Structure formats: structure tokens, C-alpha cells
Amino acid sequence: MDIANEKYVALTTYRKNGESSATPVWIADLGDGTIGFVTPSSSLKVRRLRRDNRVLLQASDSRGHPTDGAETLSGTAIVEEAEFDRVRSRIKAKYGWQVTMITLYANAAKLFGSNRLSDTAIVITLD
């Protein structure tokens, strides 16, 4: 199965010390041979990707635990603020009402000083 068809994907990025760190993300096919997701620019994923753009992707559950037998794919990621609207529209088309609920939650959290609104796109090219 194509990784872009998965509901959740474990995204592995790399810390300064080279240690890997996996986190679950929603992902969508961007229609041009790339895949992508959106995230807050303040997230650790963004900071790690600005330093080291290597990624691993693997089908997972909502907690980022890899699906049994899921293939691990490698690629490179680019932090693209300018692509946010395009990537978000693909995510919204795939995940629908769930995106609306997450946005409402993030807006409510913002009232209490926690800015979790997605404002940055990550575009991934698989190897």
C-alpha cells in the first residue's frame, strides 16, 4: 500500500546527537510525487528538520507505533511555510472533520497561552 494512503504515519527525525525520534503524523499525497503534512512552526519536528532533513516513514497507529510488517521508507523533508495552504487543503480533503476538530482545539488552547496551530508545511520526497 502507498504510504500516502495510510491514516497515520510514524515520522522519524534526528536530534542533534544523531538519536532518532519518531512521532505520528497525518500525511497526504501532494499530487506531484511528494507527500506532506502540516505542523506548528514551533514544533520539535521543525527544529530537527531544519538541522537534518533526513526522515523515515512507516505506517503506524495513532500513537506512532509501527504497524506490524510495515515497510520503512526513507526520504528528505523540506520545511515550506509558503506551501502551507496547499498541503493543508490536501490534509483537509483526506481527514475532513478531524482537521476541523483539531483546529478548534488548537484555537481554544491558544486562549490559554499554548499556540498549537499548524502554520508550516513539511514536504517530503521519498528516496
# chains A, B, ... in the order shown; residues from 1 in each chain; ligands from 1
$ closest_atom_pairs --of "range 26-105 of chain A" --to "range 8-12 of chain A" --cutoff "10 Å" --atoms "only C-alpha atoms" --output "tab-separated table"
residue	atom	partner	partner_atom	distance
A:Trp26	CA	A:Tyr8	CA	5.3
A:Ile27	CA	A:Val9	CA	6.9
A:Lys45	CA	A:Thr12	CA	8.9
A:Arg54	CA	A:Thr12	CA	8.5
A:Val55	CA	A:Thr12	CA	5.4
A:Leu56	CA	A:Thr12	CA	4.9
A:Leu57	CA	A:Leu11	CA	4.9
A:Gln58	CA	A:Ala10	CA	5.2
A:Ala59	CA	A:Val9	CA	4.5
A:Ser60	CA	A:Val9	CA	5.0
A:Asp61	CA	A:Tyr8	CA	5.8
A:Ser62	CA	A:Tyr8	CA	5.9
A:Arg63	CA	A:Ala10	CA	8.4
A:Gly64	CA	A:Ala10	CA	4.9
A:His65	CA	A:Ala10	CA	7.0
A:Pro66	CA	A:Ala10	CA	6.6
A:Thr67	CA	A:Val9	CA	9.2
A:Thr72	CA	A:Ala10	CA	9.4
A:Leu73	CA	A:Leu11	CA	9.8
A:Ser74	CA	A:Thr12	CA	9.3
$ select_by_dssp --residues "chain A" --states "strand (DSSP E or B)" --output "PyMOL selection string"
chain A and resi 8-14+20-25+28-29+35-39+54-60+66+73-80+120-126
$ residues_around --residues "range 84-89 of chain A" --least-positions-apart "6" --cutoff "12 Å" --atoms "only C-alpha atoms" --output "short mmCIF file (atom, residue, chain, number, x, y, z; two decimals) with C-alpha atoms, in the first residue's frame"
data_model
loop_
_atom_site.label_atom_id
_atom_site.label_comp_id
_atom_site.auth_asym_id
_atom_site.auth_seq_id
_atom_site.Cartn_x
_atom_site.Cartn_y
_atom_site.Cartn_z
CA TRP A 26 -1.27 12.67 9.24
CA ILE A 27 0.09 12.66 5.72
CA ALA A 28 -1.30 13.33 2.25
CA ASP A 29 -0.24 12.85 -1.34
CA LEU A 30 0.51 16.28 -2.81
CA GLY A 31 -0.02 15.07 -6.38
CA ASP A 32 3.45 15.95 -7.65
CA THR A 34 5.75 14.35 -2.92
CA ILE A 35 3.84 13.84 0.30
CA GLY A 36 3.35 16.25 3.14
CA PHE A 37 1.84 17.28 6.43
CA VAL A 38 1.32 20.45 8.46
CA THR A 39 2.60 21.27 11.92
CA PRO A 40 3.26 24.28 14.16
CA SER A 41 6.50 26.08 13.27
CA ILE A 78 11.78 20.47 3.36
CA TYR A 95 -9.12 13.77 7.02
CA GLY A 96 -12.19 16.03 6.80
CA VAL A 99 -8.97 18.63 10.85
CA THR A 100 -11.79 20.94 11.93
CA THR A 103 -8.19 23.35 14.65
CA LEU A 117 -1.97 26.00 15.43
CA SER A 118 -0.36 24.47 12.39
CA ASP A 119 1.29 27.14 10.25
CA THR A 120 4.07 25.27 8.47
CA ALA A 121 4.11 22.61 5.78
CA ILE A 122 6.59 19.78 5.58
CA VAL A 123 7.06 18.42 2.05
CA ILE A 124 8.73 15.02 1.76
#
$ atom_distance --atom1 "CA of Leu44 in chain A" --atom2 "CA of Leu126 in chain A"
21.2 Å
$ select_by_dssp --residues "range 18-121 of chain A" --states "alpha helix (DSSP H)" --output "ChimeraX atom specification"
/A:44-51,84-95,97-111
$ write_last_selection --atoms "N, CA and C atoms" --output "mmCIF file, in the first residue's frame"
data_model
loop_
_atom_site.group_PDB
_atom_site.id
_atom_site.type_symbol
_atom_site.label_atom_id
_atom_site.label_comp_id
_atom_site.auth_asym_id
_atom_site.auth_seq_id
_atom_site.Cartn_x
_atom_site.Cartn_y
_atom_site.Cartn_z
ATOM 1 N N LEU A 44 9.110 20.570 17.680
ATOM 2 C CA LEU A 44 10.448 19.967 17.652
ATOM 3 C C LEU A 44 10.756 19.351 16.289
ATOM 4 N N LYS A 45 9.732 18.830 15.621
ATOM 5 C CA LYS A 45 9.935 18.259 14.282
ATOM 6 C C LYS A 45 10.553 19.291 13.352
ATOM 7 N N VAL A 46 10.014 20.491 13.387
ATOM 8 C CA VAL A 46 10.504 21.552 12.505
ATOM 9 C C VAL A 46 11.946 21.905 12.847
ATOM 10 N N ARG A 47 12.224 22.057 14.110
ATOM 11 C CA ARG A 47 13.600 22.386 14.507
ATOM 12 C C ARG A 47 14.580 21.295 14.084
ATOM 13 N N ARG A 48 14.194 20.037 14.272
ATOM 14 C CA ARG A 48 15.080 18.940 13.874
ATOM 15 C C ARG A 48 15.254 18.889 12.353
ATOM 16 N N LEU A 49 14.180 19.119 11.610
ATOM 17 C CA LEU A 49 14.259 19.056 10.152
ATOM 18 C C LEU A 49 15.065 20.209 9.563
ATOM 19 N N ARG A 50 15.077 21.336 10.224
ATOM 20 C CA ARG A 50 15.903 22.455 9.740
ATOM 21 C C ARG A 50 17.390 22.119 9.862
ATOM 22 N N ARG A 51 17.734 21.277 10.831
ATOM 23 C CA ARG A 51 19.121 20.844 11.029
ATOM 24 C C ARG A 51 19.496 19.655 10.154
ATOM 25 N N PHE A 84 2.031 25.970 2.872
ATOM 26 C CA PHE A 84 1.086 25.607 3.921
ATOM 27 C C PHE A 84 -0.336 25.423 3.396
ATOM 28 N N ASP A 85 -0.865 26.398 2.663
ATOM 29 C CA ASP A 85 -2.263 26.317 2.212
ATOM 30 C C ASP A 85 -2.503 25.110 1.314
ATOM 31 N N ARG A 86 -1.576 24.835 0.417
ATOM 32 C CA ARG A 86 -1.732 23.689 -0.494
ATOM 33 C C ARG A 86 -1.704 22.377 0.276
ATOM 34 N N VAL A 87 -0.746 22.239 1.187
ATOM 35 C CA VAL A 87 -0.632 20.989 1.938
ATOM 36 C C VAL A 87 -1.824 20.831 2.875
ATOM 37 N N ARG A 88 -2.208 21.914 3.547
ATOM 38 C CA ARG A 88 -3.348 21.835 4.474
ATOM 39 C C ARG A 88 -4.620 21.447 3.724
ATOM 40 N N SER A 89 -4.821 21.954 2.522
ATOM 41 C CA SER A 89 -6.026 21.596 1.770
ATOM 42 C C SER A 89 -6.040 20.109 1.425
ATOM 43 N N ARG A 90 -4.872 19.526 1.148
ATOM 44 C CA ARG A 90 -4.796 18.081 0.874
ATOM 45 C C ARG A 90 -5.069 17.268 2.144
ATOM 46 N N ILE A 91 -4.546 17.759 3.266
ATOM 47 C CA ILE A 91 -4.799 17.081 4.547
ATOM 48 C C ILE A 91 -6.285 17.161 4.876
ATOM 49 N N LYS A 92 -6.882 18.347 4.699
ATOM 50 C CA LYS A 92 -8.309 18.525 4.998
ATOM 51 C C LYS A 92 -9.166 17.646 4.089
ATOM 52 N N ALA A 93 -8.781 17.523 2.819
ATOM 53 C CA ALA A 93 -9.533 16.671 1.893
ATOM 54 C C ALA A 93 -9.490 15.205 2.340
ATOM 55 N N LYS A 94 -8.379 14.792 2.892
ATOM 56 C CA LYS A 94 -8.230 13.400 3.314
ATOM 57 C C LYS A 94 -8.878 13.135 4.675
ATOM 58 N N TYR A 95 -8.700 14.033 5.640
ATOM 59 C CA TYR A 95 -9.118 13.774 7.017
ATOM 60 C C TYR A 95 -10.412 14.483 7.428
ATOM 61 N N TRP A 97 -13.525 16.217 8.800
ATOM 62 C CA TRP A 97 -13.975 16.820 10.059
ATOM 63 C C TRP A 97 -12.919 16.745 11.156
ATOM 64 N N GLN A 98 -12.025 15.774 11.084
ATOM 65 C CA GLN A 98 -10.989 15.650 12.115
ATOM 66 C C GLN A 98 -10.071 16.878 12.116
ATOM 67 N N VAL A 99 -9.796 17.427 10.948
ATOM 68 C CA VAL A 99 -8.971 18.635 10.850
ATOM 69 C C VAL A 99 -9.697 19.795 11.523
ATOM 70 N N THR A 100 -10.993 19.887 11.304
ATOM 71 C CA THR A 100 -11.789 20.944 11.927
ATOM 72 C C THR A 100 -11.738 20.827 13.445
ATOM 73 N N MET A 101 -11.855 19.615 13.957
ATOM 74 C CA MET A 101 -11.820 19.418 15.411
ATOM 75 C C MET A 101 -10.451 19.786 15.995
ATOM 76 N N ILE A 102 -9.380 19.397 15.338
ATOM 77 C CA ILE A 102 -8.031 19.717 15.814
ATOM 78 C C ILE A 102 -7.821 21.229 15.787
ATOM 79 N N THR A 103 -8.322 21.891 14.753
ATOM 80 C CA THR A 103 -8.188 23.346 14.648
ATOM 81 C C THR A 103 -8.955 24.037 15.770
ATOM 82 N N LEU A 104 -10.147 23.561 16.069
ATOM 83 C CA LEU A 104 -10.929 24.134 17.177
ATOM 84 C C LEU A 104 -10.198 23.957 18.503
ATOM 85 N N TYR A 105 -9.642 22.789 18.721
ATOM 86 C CA TYR A 105 -8.874 22.523 19.937
ATOM 87 C C TYR A 105 -7.670 23.461 20.033
ATOM 88 N N ALA A 106 -6.954 23.610 18.934
ATOM 89 C CA ALA A 106 -5.764 24.471 18.927
ATOM 90 C C ALA A 106 -6.136 25.926 19.181
ATOM 91 N N ASN A 107 -7.257 26.362 18.614
ATOM 92 C CA ASN A 107 -7.709 27.742 18.850
ATOM 93 C C ASN A 107 -8.090 27.942 20.313
ATOM 94 N N ALA A 108 -8.719 26.948 20.920
ATOM 95 C CA ALA A 108 -9.080 27.044 22.339
ATOM 96 C C ALA A 108 -7.822 27.067 23.201
ATOM 97 N N ALA A 109 -6.849 26.233 22.889
ATOM 98 C CA ALA A 109 -5.596 26.190 23.647
ATOM 99 C C ALA A 109 -4.857 27.525 23.548
ATOM 100 N N LYS A 110 -4.987 28.186 22.411
ATOM 101 C CA LYS A 110 -4.329 29.477 22.202
ATOM 102 C C LYS A 110 -4.837 30.513 23.201
ATOM 103 N N LEU A 111 -6.093 30.400 23.590
ATOM 104 C CA LEU A 111 -6.673 31.314 24.584
ATOM 105 C C LEU A 111 -5.977 31.192 25.934
#
$ atom_distance --atom1 "CA of Ala70 in chain A" --atom2 "CA of Thr23 in chain A"
15.5 Å
